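Structure record follows, encoded as structure tokens.
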Amino acid sequence: MLSFDTLLTGACQGLIWAFVALGVFISFRLLDFADLSCEGCFTCGAAVSGVLIAGGVPPALSVICAFFAGCIVGIVTGLLHTKLKIPPILAGILTMTALFSVNLMIMQSPNINIGKHNTLYDQVNGLLEIGRRYSALIIGVLLVILVVYALYWFLGTELGCTVRATGDNEKMCRAQGVNTDNAKILGLALSNGLVAVGGSMLCQYQSSANSTMGVGAIVIALASIIIGETIFKRARGFVLRLFGVAIGAVIYRVIVTVIIDANIMSPDNLKLLTALVITVALGLSAILDSAKKAIKHRGSHKKGGA
Amino acid sequence: MNAKKILSIVLALVCLAVPVTMTACGGSTGPVPVVCGETGMTEQCGVATYGVDYYSLGVKAGDMAADILLDGANVSTMPVQTDPNPSLYVNPELAEEIGFTIPQAILDRAEGGAAPQVTRTDAIVESGADFTVGILQLVQHVALDQSNKGFQDQLSVRMKAAGKTVQVLDRNASGEDSNNITIAETFVNQNVDLIYTIATSSSVAAANATRENKIPVLFCAVTNPVGEGLVASMDAPGANVSGVSDINPVAKQIELAGELLGKDDVKIGFLYSSGETNSIFQVDLGKAACEDLGYTYEVRGISDINDLESAFVALKNAGVDLVYVPTDNALANGAANIHTVNKG
């Protein structure tokens with residue numbers, strides 16, 4: 001059942017979802033802002049990329065355009081929250097709702113098929129001639145490393161630190177003279193930019209964009225973050241935390257691919273099994289922890305008794 | 001009581017008053033007859049239609065698959081098929097429920113019952129088969145399930161007749177777009193002999209996943225395969241993709257609407273899903289048919305099934321004589337809901 005190809009397929013897609021997970025990590029974990037605009041933003045990135053590639057723009061440039069489109073989405077959510085004082089969840093929902101129409105406007109149709117145009121994956125494959133899937137793996141790994149280190153660098157600068165500090169303790173931060181509104185807008189722009197990059201990469205990977213492709217994106221991103229955090233629980237250092245999130249996304253997609261491949265009982269069980277496997281993966285760590293504690297406790301008790 | 005509280009109460013009252021007056025002034029809010037794009041939906045919410053039978057479409061696709069696997073037919077030269085003789089289907093029980101009388105002439109013309117089903121054989125096996133076929137279905141819903149069943153039934157019959165066996169890998173993306181490409185790639189990894197895709201986005205995913213190794217892809221339940229870029233033209237697909245289109249005879253259905261109402265100055269309301277190309281495509285065909293027949297029309301789009309009630313009421317308030325509901329995934333799933341909303 002578990003073939004190398006299955007793992008490869010899961011990994012290639014996981015590396016795409018890693019951008020989304022990293023983006024959501026910034027808003028959800030660093031800024032402590034539950035930003036639901038992610039689903040619309042993901043489609044927006046795909047739509048922008050799809051339209052540009054269909055129009056003959058170089059695929060790499062289309063990814064950058066998608067990033068900036070995502071940034072605009074983040075800025076809108078940020079302005080709704082900071083200037084109009086709309087609560088985070090509602091601000092995200094408003095942006096997401098509006099994006100459905102905006103995405104249709106961008107694509108001029110509910111879906112675009114760019115199968116006849118060269119994407120980033122086709123270009124790299126044309127250069128290396130190692131097959132589309134391996135090219136996807138190489139692009140994915142390189143880009144994820146690049147993005148993780150770029151984030152690590154940026155969040156370590158004075159400006160980046162204000163974003164992290166705002167999420168940690170907004171009142172204290174404001175007392176230090178930081179404009180927390182701007183820090184939030186900046187963080188959201190960066191977060192949504194990355195989510196849109198994820199959409200852009202998936203659009204190129206599957207050579208099509210679709211108005212409903214963002215459905216479930218927030219769930220996938222959050223699951224990826226939690227899986228990454230659970231596995232990298234003992235990791236020290238911020239850069240490892242970021243890598244943990246990216247690897248969490250890969251693990252999530254590999255799990256889904258394996259479940260699809262195994263097809264236990266009926267195809268209708270896909271979502272139930274996905275939920276079950278992830279519950280086990282997450283719960284396992286808690287069970288192991290409590291078991292370890294119990295053993296430790298017994299050990300110390302014996303020592304005390306001696 | 002302070003000014004803020006008073007203001008909020010006034011605001012709440014205004015918010016309440018607006019829809020109430022709108023409903024009161026909106027004229028007729030009683031049920032209107034509905035014509036749907038396909039039979040399955042008509043059973044739940046429509047009075048009559050010319051129906052495409054999804055089971056028969058699946059059977060057609062099963063025949064194409066057998067031609068490719070058994071006779072080595074070339075998929076790039078197989079024309080895209082459609083339902084040539086859609087049958088008239090009426091639903092007098094539902095018409096009676098909403099107080100609408102179907103003209104006797106139409107009742108007399110209707111053929112009763114669904115198309116006969118193929119008797120499935122045991123040529124579909126779990127392992128060690130001569131051929132492997134992957135099925136990629138977008139989501140669980142009645143019409144798509146029928147195209148899946150029809151395909152498997154007919155494929156089994158043809159395989160049995162040729163003395164061969166086939167293994168079917170039946171996968172469902174469960175409505176999540178990102179699973180389409182995952183499933184399509186697993187089929188490519190397993191190097192299946194043929195991929196059968198049901199619904200548009202699944203078909204596009206499979207078509208793009210097989211660009212390198214050219215595994216034949218047969219689609220079903222795709223309304224506009226040329227517009228989606230799946231085939232070069234209906235007669236000569238040109239690549240490794242062909243299949244069966246579920247385009248319903250929209251013009252014929254609009255004509256039927258006029259016949260049902262029995263008058264000339266007909267105003268038709270179109271309900272559609274703005275997120276589905278096939279839905280827009282059918283409504284465009286419908287609008288063209290209306291213009292040909294000299295009917296007027298009103299169009300309301302929904303972005304998801306939760307907008308259904310508002311859109312339907314808006315159409316009624318616009319004074320339409322009949323609502324046309326095209327075949328798309330969201331509306332097909334909400335067919336029962338349409339009837340509830342219609343009854344009021």
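Letters A, B, ... go to the chains of the structure tokens in the order shown; residues in each chain start at 1; ligands are counted from 1 in the same order.
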* Asked: If you count only C-alpha atoms, which residues fall within 6 Å of range 164-177 of chain B, apart from same-chain ones fewer than 2 positions away, as a ChimeraX atom specification?
  -> /A:213,267 /B:123-126,129-139,159-160,162,179-180
Select from chain B every residue with an atom at most 9 Å from any atom of chain A, then for each give the shortest pair of atoms and their distance in Å to one decimal, using only C-alpha atoms, rows by chain and rising number, as a tab-separated table.
```
residue	atom	partner	partner_atom	distance
B:Gln140	CA	A:Asp268	CA	7.6
B:Leu169	CA	A:Asn263	CA	8.5
B:Asp170	CA	A:Pro267	CA	6.7
B:Arg171	CA	A:Pro267	CA	5.2
B:Asn172	CA	A:Pro267	CA	5.3
B:Ala173	CA	A:Leu270	CA	7.9
B:Ser174	CA	A:Asp268	CA	6.9
B:Gly175	CA	A:Val215	CA	8.9
B:Glu176	CA	A:Val215	CA	6.7
B:Asp177	CA	A:Met213	CA	5.2
B:Ser178	CA	A:Met213	CA	6.6
B:Asn179	CA	A:Val256	CA	8.3
B:Ile181	CA	A:Gln206	CA	6.4
B:Thr182	CA	A:Thr257	CA	6.3
B:Ile183	CA	A:Ile260	CA	6.8
B:Glu185	CA	A:Thr9	CA	6.8
B:Thr186	CA	A:Thr6	CA	6.5
B:Phe187	CA	A:Asp261	CA	8.8
B:Asn189	CA	A:Asp5	CA	6.0
B:Gln190	CA	A:Asp5	CA	8.5
B:Ser201	CA	A:Asn210	CA	7.6
B:Val204	CA	A:Asn113	CA	7.2
B:Ala205	CA	A:Gln206	CA	6.1
B:Ala206	CA	A:Gln206	CA	8.9
B:Ala207	CA	A:Gly115	CA	8.4
B:Asn208	CA	A:Gly115	CA	6.0
B:Ala209	CA	A:Gln206	CA	7.1
B:Arg211	CA	A:Gly115	CA	8.4
B:Glu212	CA	A:Arg132	CA	8.4
B:Glu228	CA	A:Asn113	CA	6.5
B:Gly229	CA	A:Asn113	CA	6.3
B:Leu230	CA	A:Asn113	CA	8.4
B:Ser274	CA	A:Pro110	CA	7.2
B:Gly275	CA	A:Pro110	CA	5.0
B:Glu276	CA	A:Pro110	CA	5.4
B:Thr277	CA	A:Pro110	CA	5.4
B:Ile280	CA	A:Ser109	CA	8.8
B:Ser303	CA	A:Phe100	CA	7.8
```
* Asked: Would you give me, as a PyMOL selection string, the residues in range 166-275 of chain A that DSSP reads as helix (DSSP H, G or I)?
  -> chain A and resi 166-168+170-175+180-205+217-231+238-262+267-275
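Neighbouring residues of Asn342 in chain B at 8 Å or closer, counting only C-alpha atoms and skipping chain neighbours under 3 positions away, are Gly30, Pro31, Val32, Phe312, Ile338 and His339 of chain B.
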* Asked: What gap, in Å, lies between CA of Val217 in chain B and CA of Asn278 in chain B?
  -> 19.6 Å
* Residues at most 12 Å from range 73-77 of chain B, counting only C-alpha atoms, excluding those fewer than 5 positions away in the same chain, as JSON, numbers by chain? -> {"B": [61, 63, 64, 65, 66, 67, 68, 194, 195, 214, 215, 216, 217, 218, 219, 230, 231, 232, 233, 234, 235, 236, 237, 238, 239, 240, 241, 242, 243]}
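Counting only C-alpha atoms, His81 in chain A has the following residues at most 12 Å away, ignoring those fewer than 6 positions along the same chain: Phe33, Ala34, Asp35, Gly74, Ile75, Pro87, Pro88, Ile89, Leu90, Ala91, Gly92, Ile93, Leu94, Thr95, Thr180, Asp181, Asn182, Lys184, Ile185 and Leu188 of chain A.
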* To do: Mind checking which residues fall within 9 Å of Gly193 in chain A, counting only C-alpha atoms, ignoring those fewer than 4 positions away in the same chain, and posting them as a list of chain:residue names?
  => A:Gly23, A:Cys41, A:Gly45, A:Ala66, A:Phe67, A:Phe68, A:Ala69, A:Gly70, A:Cys71, A:Ile72, A:Val73, A:Gly74, A:Leu188, A:Ala189, A:Val197, A:Gly198
How about saving the chosen residues, C-alpha atoms kept, as a short mmCIF file (atom, residue, chain, number, x, y, z; two decimals), in the first residue's frame?
```cif
data_model
loop_
_atom_site.label_atom_id
_atom_site.label_comp_id
_atom_site.auth_asym_id
_atom_site.auth_seq_id
_atom_site.Cartn_x
_atom_site.Cartn_y
_atom_site.Cartn_z
CA GLY A 23 1.13 32.14 6.62
CA CYS A 41 -7.00 34.49 -0.02
CA GLY A 45 -3.51 33.73 -5.09
CA ALA A 66 0.04 36.57 -6.08
CA PHE A 67 2.08 37.40 -2.97
CA PHE A 68 1.29 41.10 -3.30
CA ALA A 69 -2.39 40.37 -4.02
CA GLY A 70 -2.41 38.37 -0.78
CA CYS A 71 -0.75 41.28 1.03
CA ILE A 72 -3.57 43.56 -0.10
CA VAL A 73 -6.10 41.06 1.27
CA GLY A 74 -4.24 41.06 4.59
CA LEU A 188 -1.60 40.11 8.39
CA ALA A 189 -0.24 41.32 5.04
CA VAL A 197 1.71 32.09 -2.64
CA GLY A 198 0.43 28.67 -1.56
#
```
I'd like the neighbourhood of range 156-158 of chain A as a CSV table (one decimal) with N, CA, C and O atoms, in the first residue's frame, where a residue qualifies if any of its atoms comes within 12 Å (using only C-alpha atoms), though same-chain residues fewer than 3 positions away should be ignored.
```csv
chain,number,residue,atom,x,y,z
A,149,TYR,N,13.8,30.9,6.0
A,149,TYR,CA,14.9,31.7,6.4
A,149,TYR,C,14.6,33.2,6.3
A,149,TYR,O,15.0,34.0,7.1
A,150,ALA,N,13.8,33.5,5.2
A,150,ALA,CA,13.5,34.9,5.0
A,150,ALA,C,12.6,35.4,6.2
A,150,ALA,O,12.8,36.5,6.7
A,151,LEU,N,11.6,34.5,6.6
A,151,LEU,CA,10.8,34.8,7.7
A,151,LEU,C,11.6,35.0,9.0
A,151,LEU,O,11.3,35.9,9.8
A,152,TYR,N,12.5,34.0,9.2
A,152,TYR,CA,13.3,34.0,10.4
A,152,TYR,C,14.1,35.3,10.5
A,152,TYR,O,14.2,36.0,11.5
A,153,TRP,N,14.7,35.7,9.3
A,153,TRP,CA,15.4,37.0,9.3
A,153,TRP,C,14.5,38.2,9.6
A,153,TRP,O,14.8,39.0,10.4
A,161,CYS,N,10.1,42.2,15.1
A,161,CYS,CA,10.0,42.0,16.5
A,161,CYS,C,8.7,42.7,17.0
A,161,CYS,O,8.0,42.1,17.9
A,162,THR,N,8.4,43.8,16.4
A,162,THR,CA,7.2,44.5,16.9
A,162,THR,C,5.9,43.7,16.6
A,162,THR,O,5.0,43.6,17.4
A,163,VAL,N,6.0,42.9,15.4
A,163,VAL,CA,4.8,42.1,15.1
A,163,VAL,C,4.7,41.0,16.2
A,163,VAL,O,3.6,40.7,16.7
A,164,ARG,N,5.8,40.3,16.5
A,164,ARG,CA,5.8,39.2,17.5
A,164,ARG,C,5.4,39.8,18.8
A,164,ARG,O,4.5,39.2,19.5
A,165,ALA,N,5.9,40.9,19.2
A,165,ALA,CA,5.6,41.5,20.5
A,165,ALA,C,4.2,41.9,20.6
A,165,ALA,O,3.5,41.7,21.7
A,178,VAL,N,5.1,51.4,20.6
A,178,VAL,CA,4.9,50.7,19.3
A,178,VAL,C,3.5,51.0,18.7
A,178,VAL,O,2.6,50.9,19.5
A,183,ALA,N,1.6,47.2,13.3
A,183,ALA,CA,2.3,45.9,13.4
A,183,ALA,C,1.3,44.8,13.0
A,183,ALA,O,1.7,43.9,12.3
A,237,GLY,N,14.5,27.1,19.6
A,237,GLY,CA,14.8,28.1,18.5
A,237,GLY,C,13.7,28.3,17.6
A,237,GLY,O,12.9,27.4,17.3
A,238,PHE,N,13.6,29.5,17.1
A,238,PHE,CA,12.4,30.0,16.3
A,238,PHE,C,12.5,29.3,14.9
A,238,PHE,O,11.5,28.9,14.4
A,239,VAL,N,13.7,29.2,14.4
A,239,VAL,CA,13.8,28.7,13.0
A,239,VAL,C,13.3,27.2,12.9
A,239,VAL,O,12.6,26.8,12.0
```
